[in-house]
Amino acid sequence: MSPTAPPARRLLHAPPVAASPFPYHPGSLLSASDLSLEGVSHILARATALENQDPLVRDRILAKRRVALLFYESSTRTRTSFELAAKGLGADTTLVSSLSSSIEKGETLKDTGLTLRALGAETIILRHNSSGAAWLLEAETRLPVLNAGDGMHEHPTQALLDLRTILAHLRPGVEAVTSETLAGVTVSIVGDILHSRVARSNMLLLPRLGARVLLCGPKELLPELAAQAGPGIAIERDFEAALRQSQAVMMLRIQAERLAGLQLDLDEYKANYQLTGLRLAAHAPAAIVMHPGPIIRGLEVTAGVADGPQSVILEQVRNGVAIRMAVVERALLATEPGGRA
């Protein structure tokens, strides 16, 4: 591996040890559960510091370090923001997609990962259509792996950028989070929760800060079992009742690519669960409106809501770059097993 920053810088930026024992490498981020609240606070603080730093200074932090983006699924926001984040720190990036590599010839994830390591990649950012793929890749390569979405499982950096967006509006100035930081805050997550890795990572993160998470959607897309996912999580089938309780509303698209033959009446879905301007004004006139993208305008939200004054959707996108700068820095400056850095 190439040399890291000077020892003083390593000590300054070294993150707290992950709360979960599962990642092999302390720089990996596979799940929202990997981070202690101290670790979450570290990432939030570094995101702000890096965002505000002189770009000519910032791009020396990871100068010439090698970052591989391994994407088996299409992506706009996540892929681009990870790439901009890494480059903003001075790292060299390479994109490997399933349509422009040996993956389409049948190469396994293990062999692709080992090849990238042999080529000099020092961390791998992975998006994959199979749940658990990030854990497999980390176990086989022993590199720091950043989970950019694995199947229907998790998307931890999305939960972190969502948290940063929520804090900016509901707890401005707060970065050092505790189990009480979001006490009294209700976040409703609405739509296709069954297939949503974004929902799962937020369900793992937000209640640990004291938030109440309301899940809202039809039974086909939200089984009753979801209410048992953990403390602070409940189901509310009545969308308007959920809105009346919410300070933040996170709308999700229906993931048609994962429905596997499940038939939905879209007109009925829109009648019951579409966020319209009238619904928002009547039941949650002060709530922020969130969406991880891509948005299907006219289905889960109307264009007026997506572009309206309560929408923080583009703020989420901007926060993604800052959060991912902090996460990429953490991946490459964390101490490795055996004491190397």
# chains A, B, ... in the order shown; residues from 1 in each chain; ligands from 1
$ select_by_dssp --residues "region 106-152 of chain A" --states "strand (DSSP E)" --output "list in words"
Thr123, Ile124, Ile125, Leu126, Arg127, His128, Val145, Leu146, Asn147, Ala148, Gly149 and Asp150 of chain A
$ closest_atom_pairs --of "region 243-324 of chain A" --to "region 188-207 of chain A" --cutoff "8 Å" --atoms "only C-alpha atoms" --output "Markdown table"
| residue | atom | partner | partner_atom | distance |
| --- | --- | --- | --- | --- |
| A:Leu243 | CA | A:Ser188 | CA | 7.3 |
| A:Ser246 | CA | A:Ser188 | CA | 6.1 |
| A:Ala248 | CA | A:Ser188 | CA | 6.4 |
| A:Val249 | CA | A:Ser188 | CA | 4.8 |
| A:Met250 | CA | A:Ile189 | CA | 4.7 |
| A:Met251 | CA | A:Val190 | CA | 5.0 |
| A:Leu252 | CA | A:Gly191 | CA | 5.1 |
| A:Arg253 | CA | A:Asp192 | CA | 6.3 |
| A:Ile254 | CA | A:Asp192 | CA | 5.2 |
| A:Gln255 | CA | A:His195 | CA | 6.9 |
| A:Arg258 | CA | A:His195 | CA | 6.9 |
| A:Tyr273 | CA | A:Gly191 | CA | 7.1 |
| A:Pro292 | CA | A:Val198 | CA | 7.5 |
| A:Glu300 | CA | A:Gly191 | CA | 7.4 |
$ residues_around --residues "region 45-48 of chain A" --least-positions-apart "5" --cutoff "8 Å" --atoms "only C-alpha atoms" --output "list in words"
Glu175, Ala176, Ala322, Ile323, Arg324, Met325 and Ala326 of chain A
$ write_last_selection --atoms "C-alpha atoms" --output "PDB file, in the first residue's frame"
ATOM      1  CA  GLU A 175     -22.903  16.893  15.640  1.00  0.00           C
ATOM      2  CA  ALA A 176     -21.991  15.110  18.878  1.00  0.00           C
ATOM      3  CA  ALA A 322     -19.624  15.518   2.744  1.00  0.00           C
ATOM      4  CA  ILE A 323     -20.603  12.325   4.575  1.00  0.00           C
ATOM      5  CA  ARG A 324     -18.851  10.164   2.005  1.00  0.00           C
ATOM      6  CA  MET A 325     -15.692  12.256   2.224  1.00  0.00           C
ATOM      7  CA  ALA A 326     -15.635  11.492   5.951  1.00  0.00           C
TER       8      ALA A 326
END
$ residues_around --residues "Ala86 (chain A)" --least-positions-apart "3" --cutoff "9 Å" --atoms "only C-alpha atoms" --output "VMD selection string"
chain A and resid 59 62 67 81 to 83 89 to 93 324 to 325 328 to 329
$ write_last_selection --atoms "N, CA and C atoms" --output "PDB file, in the first residue's frame"
ATOM      1  N   ASP A  59      -7.327  18.264  -0.693  1.00  0.00           N
ATOM      2  CA  ASP A  59      -6.980  17.240  -1.672  1.00  0.00           C
ATOM      3  C   ASP A  59      -5.588  16.638  -1.467  1.00  0.00           C
ATOM      4  N   LEU A  62      -5.641  12.501   1.061  1.00  0.00           N
ATOM      5  CA  LEU A  62      -5.524  11.145   0.499  1.00  0.00           C
ATOM      6  C   LEU A  62      -4.832  11.185  -0.863  1.00  0.00           C
ATOM      7  N   VAL A  67      -8.744   4.241  -4.820  1.00  0.00           N
ATOM      8  CA  VAL A  67     -10.101   3.857  -4.428  1.00  0.00           C
ATOM      9  C   VAL A  67     -10.807   3.232  -5.625  1.00  0.00           C
ATOM     10  N   SER A  81     -21.463  10.719  -5.919  1.00  0.00           N
ATOM     11  CA  SER A  81     -21.034  11.399  -4.697  1.00  0.00           C
ATOM     12  C   SER A  81     -19.837  10.704  -4.065  1.00  0.00           C
ATOM     13  N   PHE A  82     -19.776   9.367  -4.121  1.00  0.00           N
ATOM     14  CA  PHE A  82     -18.587   8.672  -3.628  1.00  0.00           C
ATOM     15  C   PHE A  82     -17.356   9.055  -4.458  1.00  0.00           C
ATOM     16  N   GLU A  83     -17.530   9.131  -5.771  1.00  0.00           N
ATOM     17  CA  GLU A  83     -16.400   9.470  -6.637  1.00  0.00           C
ATOM     18  C   GLU A  83     -15.928  10.898  -6.375  1.00  0.00           C
ATOM     19  N   LEU A  89     -10.673  14.494  -1.811  1.00  0.00           N
ATOM     20  CA  LEU A  89      -9.616  14.253  -0.836  1.00  0.00           C
ATOM     21  C   LEU A  89      -8.275  13.966  -1.508  1.00  0.00           C
ATOM     22  N   GLY A  90      -8.257  13.986  -2.839  1.00  0.00           N
ATOM     23  CA  GLY A  90      -7.028  13.779  -3.578  1.00  0.00           C
ATOM     24  C   GLY A  90      -6.782  12.360  -4.029  1.00  0.00           C
ATOM     25  N   ALA A  91      -7.717  11.446  -3.771  1.00  0.00           N
ATOM     26  CA  ALA A  91      -7.527  10.047  -4.136  1.00  0.00           C
ATOM     27  C   ALA A  91      -7.736   9.836  -5.635  1.00  0.00           C
ATOM     28  N   ASP A  92      -7.101   8.808  -6.161  1.00  0.00           N
ATOM     29  CA  ASP A  92      -7.358   8.359  -7.528  1.00  0.00           C
ATOM     30  C   ASP A  92      -8.473   7.319  -7.480  1.00  0.00           C
ATOM     31  N   THR A  93      -9.442   7.422  -8.395  1.00  0.00           N
ATOM     32  CA  THR A  93     -10.565   6.498  -8.406  1.00  0.00           C
ATOM     33  C   THR A  93     -10.650   5.758  -9.728  1.00  0.00           C
ATOM     34  N   ARG A 324     -19.690  11.181   2.647  1.00  0.00           N
ATOM     35  CA  ARG A 324     -18.851  10.164   2.005  1.00  0.00           C
ATOM     36  C   ARG A 324     -17.381  10.565   1.992  1.00  0.00           C
ATOM     37  N   MET A 325     -17.084  11.861   2.021  1.00  0.00           N
ATOM     38  CA  MET A 325     -15.692  12.256   2.224  1.00  0.00           C
ATOM     39  C   MET A 325     -15.209  11.744   3.581  1.00  0.00           C
ATOM     40  N   VAL A 328     -14.822   7.857   3.421  1.00  0.00           N
ATOM     41  CA  VAL A 328     -13.661   7.420   2.640  1.00  0.00           C
ATOM     42  C   VAL A 328     -12.372   7.734   3.402  1.00  0.00           C
ATOM     43  N   GLU A 329     -12.294   8.907   4.016  1.00  0.00           N
ATOM     44  CA  GLU A 329     -11.133   9.240   4.835  1.00  0.00           C
ATOM     45  C   GLU A 329     -10.967   8.222   5.959  1.00  0.00           C
TER      46      GLU A 329
END
$ atom_distance --atom1 "CA of His25 (chain A)" --atom2 "CA of Leu146 (chain A)"
10.6 Å
$ closest_residue --among "A:Ile233, A:Val57, A:Ala118, A:Val174" --to "His42 (chain A)" --atoms "only C-alpha atoms"
A:Val174
$ closest_residue --among "A:Gly230, A:Gly113, A:Gly320, A:Gly184" --to "Thr165 (chain A)" --atoms "only C-alpha atoms"
A:Gly320
$ residues_around --residues "Val185 (chain A)" --least-positions-apart "4" --cutoff "7 Å" --atoms "only C-alpha atoms" --output "PyMOL selection string"
chain A and resi 211-212+247
$ residues_around --residues "Phe71 (chain A)" --least-positions-apart "2" --cutoff "12 Å" --atoms "only C-alpha atoms" --output "ChimeraX atom specification"
/A:68-69,73-76,78-80,82-83,94-101,103,109,112-113,124-130,133-134,146-151
$ residues_around --residues "Val317 (chain A)" --least-positions-apart "4" --cutoff "8 Å" --atoms "only C-alpha atoms" --output "ChimeraX atom specification"
/A:77,81,313,321
